[in-house]
Every structure is written in structure tokens, then in C-alpha cells.
Amino acid sequence: MDFWSFVSDRRQQLLMDTYQHASAVFQCMVVASVVGVGIGVLTYRNDRAGRLAIATTVTIMTVPSYALLGLLIPVLGLGVPPTVTALVLYALLPIVRNAIVGLRGVDPTLVDAAKGIGMSRAAQILRVELPLAWPSILTGIRVATQMLMGIAAVAAFASGPGLGNDIFTGISSLGSANALNQVLAGTLGIVVLALLFDFALVLIGRLTTSRGIRG
């Protein structure tokens, strides 16, 4: 059976795996973005706290995905819980780092002006600092999303959802009739999803970033 015939024959399963893969990455990125930006906001004004936050996320990133999943499975079991936990942890580094860099790069005179007109500290962050740091934060989110697309495939090791199941099943049955087709279908699906997610994030960046900041 050629590749396109294989895809046509298994299109329902492949579409379901694609949806699950995209859903897992999207939901994990939402959680990681909220947590990562929150860590950035809490630590960017203190050099020691900022360095600690970045060092911690760097350390997490150095742990191999198989090893991290292996550590999480005894605690969280198989399936979605270890998958979500691992993906959120891996996504934190680029988001935290770019949030800290972006917030530290905001012109202090703008913050002083906001303070001078009576803005509270929370209002300064939400209405002045975060919007100005948004391009840097969004870049971190884009990098993290592309990373998670590939790492999510490894979650099949923990019986996680997504296209990794097709890749792992194909690898484990290499030599059989459709093994290579299965690996190729899973791989191409991940590549297409990565491109679509990145396009969506670029579009979000253009819609949410003022021309003055982009310029």
C-alpha cells in the first residue's frame, strides 16, 4: 500500500490523533504561558530571583523527556496527567526567559510616567509593562510551541494522546507492510501542525502588537 492510500484508509484515526496532538499542545501552552509570564512578573525586578527562575527552567530542560516521563509515571500514572505535566514544564524556559528580558527592557521613564498619573502597581504591569514586553513574550511562546510539537510525540511512551502513537507503533513494527507509512504519517502531521501553530501565533502577534512597538 502506498503512502496516500494508507492515509486515506486510516484518515479517521489520523485525524483524531492530529486533533489530540494539537489539543494537548494548545492546552499545555495556555497553562505554560500563564505560569511562565507570572514567574517573569514576580522575578524580573530582582536579579537573584530572575537568575534563579531561569536556572530552574534550564535545569528542567536538560532532563531527557524519557527520563522525566519515567519519573512522572509512578506518581501520576499513564496517559494525560504525565503528558500535560511534562509539556508544561518543558515549555517554561523560553517563556520565562523572554518574559524577564522583555519586562526588563521596558523604558523606565514610561513606568515612572504611569506611576506619576496615579496608576497602581498592578495597572502599571497590565497596562504599560506587559504590552510593551509582549513581542518578546510572544517570541518565547512561539519557540516553546515548536518545541512541544516534537516533545509531545514522545508522550506516547506514557500512553499520552497524539501523533506520537502512530510514530511509535510504526517504529515498533518496522519491517511490516505499513510501518514506514505510519511513521511518515505521524511525522508529517506534526510538521504541518507546527507550521499552522506558528502561522497562527505570527498572526496573533500582528493583531495584538501596536505599530509603534513593531516599528
# chains A, B, ... in the order shown; residues from 1 in each chain; ligands from 1
>>> residues_around(residues="region 161-169 of chain A", least_positions_apart="2", cutoff="10 Å", atoms="only C-alpha atoms", output="PyMOL selection string")
chain A and resi 13-25+79-80+83+149-159+171-174+179-190
>>> write_last_selection(atoms="C-alpha atoms", output="PDB file, in the first residue's frame")
ATOM      1  CA  GLN A  13      -7.745   7.654  13.144  1.00  0.00           C
ATOM      2  CA  LEU A  14      -5.108  10.043  11.834  1.00  0.00           C
ATOM      3  CA  LEU A  15      -7.486  12.992  12.149  1.00  0.00           C
ATOM      4  CA  MET A  16      -8.309  12.002  15.711  1.00  0.00           C
ATOM      5  CA  ASP A  17      -4.615  11.668  16.599  1.00  0.00           C
ATOM      6  CA  THR A  18      -3.922  15.030  14.959  1.00  0.00           C
ATOM      7  CA  TYR A  19      -6.717  16.690  16.925  1.00  0.00           C
ATOM      8  CA  GLN A  20      -5.498  15.166  20.191  1.00  0.00           C
ATOM      9  CA  HIS A  21      -1.923  16.251  19.470  1.00  0.00           C
ATOM     10  CA  ALA A  22      -2.973  19.819  18.658  1.00  0.00           C
ATOM     11  CA  SER A  23      -5.292  19.973  21.662  1.00  0.00           C
ATOM     12  CA  ALA A  24      -2.608  18.733  24.058  1.00  0.00           C
ATOM     13  CA  VAL A  25      -0.047  21.258  22.808  1.00  0.00           C
ATOM     14  CA  GLY A  79      -1.966   8.920  29.911  1.00  0.00           C
ATOM     15  CA  VAL A  80      -2.828  12.600  30.071  1.00  0.00           C
ATOM     16  CA  THR A  83       1.939  14.214  29.414  1.00  0.00           C
ATOM     17  CA  MET A 149       5.146  19.783  19.000  1.00  0.00           C
ATOM     18  CA  GLY A 150       8.099  17.400  18.902  1.00  0.00           C
ATOM     19  CA  ILE A 151       8.230  16.576  22.611  1.00  0.00           C
ATOM     20  CA  ALA A 152       4.513  15.724  22.627  1.00  0.00           C
ATOM     21  CA  ALA A 153       5.260  12.830  20.284  1.00  0.00           C
ATOM     22  CA  VAL A 154       7.476  11.251  22.959  1.00  0.00           C
ATOM     23  CA  ALA A 155       4.485  11.299  25.314  1.00  0.00           C
ATOM     24  CA  ALA A 156       3.298   8.138  23.548  1.00  0.00           C
ATOM     25  CA  PHE A 157       5.843   6.436  25.822  1.00  0.00           C
ATOM     26  CA  ALA A 158       3.462   7.274  28.685  1.00  0.00           C
ATOM     27  CA  SER A 159       0.356   6.329  26.681  1.00  0.00           C
ATOM     28  CA  ILE A 171       8.836   2.057  14.719  1.00  0.00           C
ATOM     29  CA  SER A 172       7.937  -0.959  16.842  1.00  0.00           C
ATOM     30  CA  SER A 173       6.677  -2.803  13.769  1.00  0.00           C
ATOM     31  CA  LEU A 174       9.401  -1.862  11.283  1.00  0.00           C
ATOM     32  CA  ALA A 179       5.257   0.559   9.354  1.00  0.00           C
ATOM     33  CA  LEU A 180       7.091   3.236   7.358  1.00  0.00           C
ATOM     34  CA  ASN A 181       3.802   4.783   6.210  1.00  0.00           C
ATOM     35  CA  GLN A 182       2.684   5.052   9.831  1.00  0.00           C
ATOM     36  CA  VAL A 183       5.907   6.741  10.923  1.00  0.00           C
ATOM     37  CA  LEU A 184       5.768   9.120   7.960  1.00  0.00           C
ATOM     38  CA  ALA A 185       2.112   9.997   8.559  1.00  0.00           C
ATOM     39  CA  GLY A 186       2.769  10.845  12.204  1.00  0.00           C
ATOM     40  CA  THR A 187       5.884  12.857  11.380  1.00  0.00           C
ATOM     41  CA  LEU A 188       4.273  14.863   8.574  1.00  0.00           C
ATOM     42  CA  GLY A 189       1.252  15.517  10.764  1.00  0.00           C
ATOM     43  CA  ILE A 190       3.466  17.051  13.446  1.00  0.00           C
TER      44      ILE A 190
END
>>> closest_atom_pairs(of="region 46-67 of chain A", to="region 93-104 of chain A", cutoff="9 Å", atoms="only C-alpha atoms", output="CSV")
residue,atom,partner,partner_atom,distance
A:Gly50,CA,A:Ile100,CA,7.1
A:Ala53,CA,A:Val96,CA,7.5
A:Ile54,CA,A:Arg97,CA,6.0
A:Ala55,CA,A:Leu93,CA,8.8
A:Thr56,CA,A:Leu93,CA,8.5
A:Thr57,CA,A:Leu93,CA,4.9
A:Val58,CA,A:Leu93,CA,6.1
A:Ile60,CA,A:Leu93,CA,8.3
A:Met61,CA,A:Leu93,CA,7.2
>>> atom_distance(atom1="CA of Leu132 (chain A)", atom2="CA of Gly105 (chain A)")
8.6 Å
>>> closest_atom_pairs(of="region 130-150 of chain A", to="region 29-33 of chain A", cutoff="9 Å", atoms="only C-alpha atoms", output="CSV")
residue,atom,partner,partner_atom,distance
A:Ile137,CA,A:Ser33,CA,8.8
A:Ile141,CA,A:Ser33,CA,6.9
A:Ala144,CA,A:Met29,CA,7.7
A:Thr145,CA,A:Met29,CA,6.7
A:Leu148,CA,A:Met29,CA,8.4
>>> select_by_dssp(residues="region 159-214 of chain A", states="alpha helix (DSSP H)", output="number ranges by chain")
A: 164-172, 179-208, 211-214
>>> closest_residue(among="A:Pro135, A:Val106, A:Thr59, A:Cys28", to="Leu207 (chain A)", atoms="only C-alpha atoms")
A:Pro135
